[in-house]
Amino acid sequence: MSSRCAVGIDLGGTNLRWAVVDGSGARLYQARIERPRDQTEVLDRIRAAVEDCKSRYPSVQGAGIAVPGIITPDGVTSNNLGWQGVRLDEELKDLGLPFRVLNDMAAGALGELHFGRARGFGSVIFITVSTGIGAGIILDGEVYRGANGMAGEVGHTVVDLNGLLCGCGRRGCWEMIASGTAHRRRVREAFDSGTWPNLTVEPTPSDVTLRARQGDRAARALILRTARYVGIGVSNLANLYDPEAFIFTGGFARNNWDIIDEYLEREVRDQAFSQNVRLLLTELGDDAGIVGAAAGVLARG
Ligand SMILES: [Zn+2]
């Protein structure tokens, strides 16, 4: 993949980011704007971003875009963006470049596979533990999309029949107990029940992380409790897919990795059949989607 380059675009809930990525994964040029709310304006901004990259690097051979949604032949559907069946490929065909649309987690997985922590692996699961939980699944070197583009919705696998009601309509989805949102809820409950009598305002999850590093046992216990719930779902996925590694991203995982990594590994070894699966932290961080979107184009050559 050397000496070639492609445009990688990450259309997130908050920002629209883009970069020119070369065949070694290096970002030659990078920019971002706040994502416009209006769909037409988003499309205009994406066109402008690609034109911008083409003018700087005339050799760009295509553009990949990572979107937080489900991609089917009928288009992109995304709750985050408020999109229903938007035909990105049709809308952007006037750019005159090969264009590939990927789910953001699938893109992140590809980024880590080609240029990040998952280099050298064949089967990996890229997993975010943040507001919700989602995954990008790579099996034998290929993104696994599923029959309807819905593979990787791992946050909505039920782990507790009598659990909390989820936004998807079912009870006890994994992300209802193991996401950063669930973690924040338990921090609030701990604060409300007087865990930290000296505190007058509710600590943020970042405060709790800091306190745990400083030896606050209640803070550490809260973080490990969330890690335990993360471990339950990861063990399920390990038994389903038998990947070589899980690559973690998302606020909860990234902010607490030094606290949770060994504990999580023990949990998964205790529960999963595979005793070889590796648990690793993202190498590309916020750039995984952008780099992966470009990698998806570069890999097709
Ligand atoms: Zn759900």
# chains A, B, ... in the order shown; residues from 1 in each chain; ligands from 1

$ residues_around --residues "A:Asn236" --least-positions-apart "2" --cutoff "12 Å" --atoms "only C-alpha atoms" --output "list in words"
Val154, Gly155, Thr157, Val158, Val159, Trp174, Tyr229, Val230, Gly231, Ile232, Gly233, Val234, Ala238, Asn239, Leu240, Tyr241, Asp242, Pro243, Glu267, Val268, Arg269, Asp270, Gln271, Ala272, Phe273 and Ser274 of chain A

$ select_by_dssp --residues "stretch 39-106 of chain A" --states "alpha helix (DSSP H)" --output "list in words"
Gln39, Thr40, Glu41, Val42, Leu43, Asp44, Arg45, Ile46, Arg47, Ala48, Ala49, Val50, Glu51, Asp52, Cys53, Lys54, Ser55, Arg56, Leu88, Asp89, Glu90, Glu91, Asp104, Met105 and Ala106 of chain A

$ write_last_selection --atoms "N, CA and C atoms" --output "PDB file, in the first residue's frame"
ATOM      1  N   GLN A  39     -28.782  17.891   6.678  1.00  0.00           N
ATOM      2  CA  GLN A  39     -28.244  16.805   5.855  1.00  0.00           C
ATOM      3  C   GLN A  39     -27.624  17.303   4.552  1.00  0.00           C
ATOM      4  N   THR A  40     -28.298  18.239   3.887  1.00  0.00           N
ATOM      5  CA  THR A  40     -27.769  18.783   2.630  1.00  0.00           C
ATOM      6  C   THR A  40     -26.438  19.474   2.862  1.00  0.00           C
ATOM      7  N   GLU A  41     -26.351  20.185   3.969  1.00  0.00           N
ATOM      8  CA  GLU A  41     -25.104  20.877   4.278  1.00  0.00           C
ATOM      9  C   GLU A  41     -23.984  19.883   4.592  1.00  0.00           C
ATOM     10  N   VAL A  42     -24.327  18.789   5.256  1.00  0.00           N
ATOM     11  CA  VAL A  42     -23.320  17.749   5.513  1.00  0.00           C
ATOM     12  C   VAL A  42     -22.758  17.238   4.190  1.00  0.00           C
ATOM     13  N   LEU A  43     -23.656  16.943   3.248  1.00  0.00           N
ATOM     14  CA  LEU A  43     -23.205  16.418   1.959  1.00  0.00           C
ATOM     15  C   LEU A  43     -22.331  17.448   1.229  1.00  0.00           C
ATOM     16  N   ASP A  44     -22.737  18.723   1.293  1.00  0.00           N
ATOM     17  CA  ASP A  44     -21.930  19.783   0.668  1.00  0.00           C
ATOM     18  C   ASP A  44     -20.549  19.849   1.303  1.00  0.00           C
ATOM     19  N   ARG A  45     -20.510  19.732   2.615  1.00  0.00           N
ATOM     20  CA  ARG A  45     -19.226  19.812   3.328  1.00  0.00           C
ATOM     21  C   ARG A  45     -18.342  18.619   2.981  1.00  0.00           C
ATOM     22  N   ILE A  46     -18.950  17.443   2.820  1.00  0.00           N
ATOM     23  CA  ILE A  46     -18.161  16.262   2.447  1.00  0.00           C
ATOM     24  C   ILE A  46     -17.568  16.465   1.050  1.00  0.00           C
ATOM     25  N   ARG A  47     -18.397  16.987   0.122  1.00  0.00           N
ATOM     26  CA  ARG A  47     -17.890  17.271  -1.230  1.00  0.00           C
ATOM     27  C   ARG A  47     -16.719  18.241  -1.173  1.00  0.00           C
ATOM     28  N   ALA A  48     -16.893  19.301  -0.377  1.00  0.00           N
ATOM     29  CA  ALA A  48     -15.838  20.320  -0.270  1.00  0.00           C
ATOM     30  C   ALA A  48     -14.569  19.710   0.332  1.00  0.00           C
ATOM     31  N   ALA A  49     -14.749  18.819   1.302  1.00  0.00           N
ATOM     32  CA  ALA A  49     -13.586  18.187   1.945  1.00  0.00           C
ATOM     33  C   ALA A  49     -12.806  17.343   0.942  1.00  0.00           C
ATOM     34  N   VAL A  50     -13.536  16.579   0.129  1.00  0.00           N
ATOM     35  CA  VAL A  50     -12.854  15.725  -0.859  1.00  0.00           C
ATOM     36  C   VAL A  50     -12.160  16.596  -1.899  1.00  0.00           C
ATOM     37  N   GLU A  51     -12.826  17.663  -2.344  1.00  0.00           N
ATOM     38  CA  GLU A  51     -12.200  18.577  -3.323  1.00  0.00           C
ATOM     39  C   GLU A  51     -10.942  19.199  -2.730  1.00  0.00           C
ATOM     40  N   ASP A  52     -11.037  19.593  -1.477  1.00  0.00           N
ATOM     41  CA  ASP A  52      -9.894  20.160  -0.760  1.00  0.00           C
ATOM     42  C   ASP A  52      -8.709  19.180  -0.786  1.00  0.00           C
ATOM     43  N   CYS A  53      -8.986  17.914  -0.480  1.00  0.00           N
ATOM     44  CA  CYS A  53      -7.915  16.901  -0.457  1.00  0.00           C
ATOM     45  C   CYS A  53      -7.350  16.662  -1.864  1.00  0.00           C
ATOM     46  N   LYS A  54      -8.268  16.635  -2.858  1.00  0.00           N
ATOM     47  CA  LYS A  54      -7.807  16.403  -4.242  1.00  0.00           C
ATOM     48  C   LYS A  54      -6.895  17.529  -4.715  1.00  0.00           C
ATOM     49  N   SER A  55      -7.207  18.747  -4.304  1.00  0.00           N
ATOM     50  CA  SER A  55      -6.391  19.870  -4.758  1.00  0.00           C
ATOM     51  C   SER A  55      -5.009  19.832  -4.094  1.00  0.00           C
ATOM     52  N   ARG A  56      -4.947  19.323  -2.891  1.00  0.00           N
ATOM     53  CA  ARG A  56      -3.652  19.240  -2.203  1.00  0.00           C
ATOM     54  C   ARG A  56      -2.857  18.017  -2.642  1.00  0.00           C
ATOM     55  N   LEU A  88     -25.563   7.734   0.214  1.00  0.00           N
ATOM     56  CA  LEU A  88     -24.318   8.507   0.156  1.00  0.00           C
ATOM     57  C   LEU A  88     -23.579   8.277  -1.160  1.00  0.00           C
ATOM     58  N   ASP A  89     -23.545   7.029  -1.608  1.00  0.00           N
ATOM     59  CA  ASP A  89     -22.795   6.733  -2.839  1.00  0.00           C
ATOM     60  C   ASP A  89     -23.402   7.477  -4.035  1.00  0.00           C
ATOM     61  N   GLU A  90     -24.739   7.536  -4.096  1.00  0.00           N
ATOM     62  CA  GLU A  90     -25.419   8.270  -5.179  1.00  0.00           C
ATOM     63  C   GLU A  90     -25.168   9.769  -5.055  1.00  0.00           C
ATOM     64  N   GLU A  91     -25.306  10.257  -3.825  1.00  0.00           N
ATOM     65  CA  GLU A  91     -25.173  11.696  -3.576  1.00  0.00           C
ATOM     66  C   GLU A  91     -23.787  12.214  -3.943  1.00  0.00           C
ATOM     67  N   ASP A 104     -18.863   3.051  11.128  1.00  0.00           N
ATOM     68  CA  ASP A 104     -17.687   3.623  11.822  1.00  0.00           C
ATOM     69  C   ASP A 104     -16.882   2.586  12.599  1.00  0.00           C
ATOM     70  N   MET A 105     -17.556   1.611  13.185  1.00  0.00           N
ATOM     71  CA  MET A 105     -16.816   0.601  13.943  1.00  0.00           C
ATOM     72  C   MET A 105     -16.080  -0.363  13.008  1.00  0.00           C
ATOM     73  N   ALA A 106     -16.686  -0.661  11.865  1.00  0.00           N
ATOM     74  CA  ALA A 106     -15.995  -1.490  10.875  1.00  0.00           C
ATOM     75  C   ALA A 106     -14.764  -0.752  10.356  1.00  0.00           C
TER      76      ALA A 106
END

$ atom_distance --atom1 "atom CA of A:Arg100" --atom2 "atom CA of A:Val86"
14.0 Å

$ residues_near_ligand --ligand "ligand 1" --cutoff "9 Å" --atoms "only C-alpha atoms and all ligand atoms" --output "NGL selection string"
:A and (153 or 155-158 or 165-176)

$ residues_around --residues "stretch 204-210 of chain A" --least-positions-apart "5" --cutoff "12 Å" --atoms "only C-alpha atoms" --output "MDAnalysis selection string"
chainID A and resid 130 179:188 190:191 195:196 199 215:224 226 251:260

$ closest_residue --among "A:Ala118, A:Ala245, A:Ile290, A:Val201" --to "A:Gly12" --atoms "only C-alpha atoms"
A:Ile290

$ closest_residue --among "A:Gly75, A:Gly96, A:Gly134, A:Gly62" --to "A:Ile247" --atoms "only C-alpha atoms"
A:Gly134

$ residues_around --residues "A:Ala293" --least-positions-apart "5" --cutoff "7 Å" --atoms "only C-alpha atoms" --output "MDAnalysis selection string"
chainID A and resid 8:9 64:66 102 107

$ residues_around --residues "stretch 68-74 of chain A" --least-positions-apart "3" --cutoff "9 Å" --atoms "only C-alpha atoms" --output "ChimeraX atom specification"
/A:10-13,77-81,83,85-87,101-105,145,148-150

$ residues_around --residues "A:Gly122" --least-positions-apart "5" --cutoff "10 Å" --atoms "only C-alpha atoms" --output "number ranges by chain"
A: 113, 138-142, 243-245

$ residues_around --residues "A:Asp261" --least-positions-apart "6" --cutoff "9 Å" --atoms "only C-alpha atoms" --output "PyMOL selection string"
chain A and resi 227+253+279-281

$ decode --residues "stretch 247-271 of chain A" --atoms "N, CA, C and O atoms" --output "short mmCIF file (atom, residue, chain, number, x, y, z; two decimals), in the first residue's frame"
data_model
loop_
_atom_site.label_atom_id
_atom_site.label_comp_id
_atom_site.auth_asym_id
_atom_site.auth_seq_id
_atom_site.Cartn_x
_atom_site.Cartn_y
_atom_site.Cartn_z
N ILE A 247 -9.61 -5.22 20.39
CA ILE A 247 -8.96 -3.90 20.48
C ILE A 247 -10.01 -2.95 21.06
O ILE A 247 -11.06 -2.74 20.46
N PHE A 248 -9.70 -2.35 22.20
CA PHE A 248 -10.68 -1.52 22.90
C PHE A 248 -10.50 -0.04 22.58
O PHE A 248 -9.39 0.46 22.51
N THR A 249 -11.64 0.63 22.43
CA THR A 249 -11.65 2.08 22.34
C THR A 249 -12.86 2.60 23.11
O THR A 249 -13.55 1.84 23.78
N GLY A 250 -13.12 3.92 23.02
CA GLY A 250 -14.25 4.50 23.74
C GLY A 250 -13.78 5.06 25.08
O GLY A 250 -12.81 4.58 25.67
N GLY A 251 -14.51 6.08 25.54
CA GLY A 251 -14.10 6.82 26.72
C GLY A 251 -13.83 5.96 27.94
O GLY A 251 -12.78 6.09 28.58
N PHE A 252 -14.76 5.06 28.28
CA PHE A 252 -14.55 4.27 29.50
C PHE A 252 -13.28 3.43 29.39
O PHE A 252 -12.45 3.41 30.31
N ALA A 253 -13.12 2.73 28.28
CA ALA A 253 -11.96 1.85 28.13
C ALA A 253 -10.66 2.65 28.09
O ALA A 253 -9.68 2.30 28.75
N ARG A 254 -10.65 3.74 27.34
CA ARG A 254 -9.41 4.49 27.17
C ARG A 254 -9.01 5.20 28.46
O ARG A 254 -7.84 5.24 28.82
N ASN A 255 -9.97 5.78 29.16
CA ASN A 255 -9.64 6.54 30.37
C ASN A 255 -9.22 5.64 31.53
O ASN A 255 -8.49 6.08 32.42
N ASN A 256 -9.71 4.40 31.53
CA ASN A 256 -9.47 3.53 32.69
C ASN A 256 -8.57 2.34 32.39
O ASN A 256 -8.45 1.44 33.22
N TRP A 257 -7.95 2.33 31.23
CA TRP A 257 -7.25 1.11 30.79
C TRP A 257 -6.20 0.65 31.79
O TRP A 257 -6.07 -0.53 32.10
N ASP A 258 -5.44 1.57 32.34
CA ASP A 258 -4.38 1.18 33.29
C ASP A 258 -4.97 0.54 34.56
O ASP A 258 -4.30 -0.25 35.22
N ILE A 259 -6.22 0.88 34.86
CA ILE A 259 -6.87 0.32 36.06
C ILE A 259 -7.51 -1.03 35.75
O ILE A 259 -7.50 -1.94 36.58
N ILE A 260 -8.05 -1.17 34.54
CA ILE A 260 -8.88 -2.35 34.25
C ILE A 260 -8.17 -3.46 33.48
O ILE A 260 -8.66 -4.59 33.45
N ASP A 261 -7.05 -3.18 32.81
CA ASP A 261 -6.57 -4.15 31.81
C ASP A 261 -6.29 -5.54 32.37
O ASP A 261 -6.76 -6.55 31.83
N GLU A 262 -5.56 -5.61 33.49
CA GLU A 262 -5.23 -6.93 34.03
C GLU A 262 -6.47 -7.64 34.59
O GLU A 262 -6.65 -8.84 34.42
N TYR A 263 -7.32 -6.85 35.24
CA TYR A 263 -8.55 -7.40 35.81
C TYR A 263 -9.45 -7.98 34.71
O TYR A 263 -9.98 -9.09 34.82
N LEU A 264 -9.60 -7.19 33.64
CA LEU A 264 -10.45 -7.60 32.52
C LEU A 264 -9.89 -8.88 31.88
O LEU A 264 -10.64 -9.79 31.54
N GLU A 265 -8.60 -8.93 31.73
CA GLU A 265 -7.98 -10.11 31.12
C GLU A 265 -8.25 -11.36 31.98
O GLU A 265 -8.57 -12.42 31.45
N ARG A 266 -8.14 -11.20 33.29
CA ARG A 266 -8.43 -12.33 34.19
C ARG A 266 -9.88 -12.78 34.06
O ARG A 266 -10.19 -13.96 34.00
N GLU A 267 -10.78 -11.79 34.04
CA GLU A 267 -12.22 -12.09 33.91
C GLU A 267 -12.48 -12.90 32.64
O GLU A 267 -13.22 -13.89 32.66
N VAL A 268 -11.89 -12.45 31.54
CA VAL A 268 -12.15 -13.11 30.25
C VAL A 268 -11.50 -14.49 30.23
O VAL A 268 -12.10 -15.46 29.74
N ARG A 269 -10.32 -14.63 30.79
CA ARG A 269 -9.67 -15.96 30.86
C ARG A 269 -10.52 -16.92 31.71
O ARG A 269 -10.63 -18.10 31.42
N ASP A 270 -11.12 -16.39 32.80
CA ASP A 270 -11.95 -17.23 33.66
C ASP A 270 -13.20 -17.71 32.94
O ASP A 270 -13.69 -18.81 33.20
N GLN A 271 -13.75 -16.87 32.07
CA GLN A 271 -15.06 -17.15 31.51
C GLN A 271 -15.05 -17.72 30.10
O GLN A 271 -15.92 -18.51 29.75
#
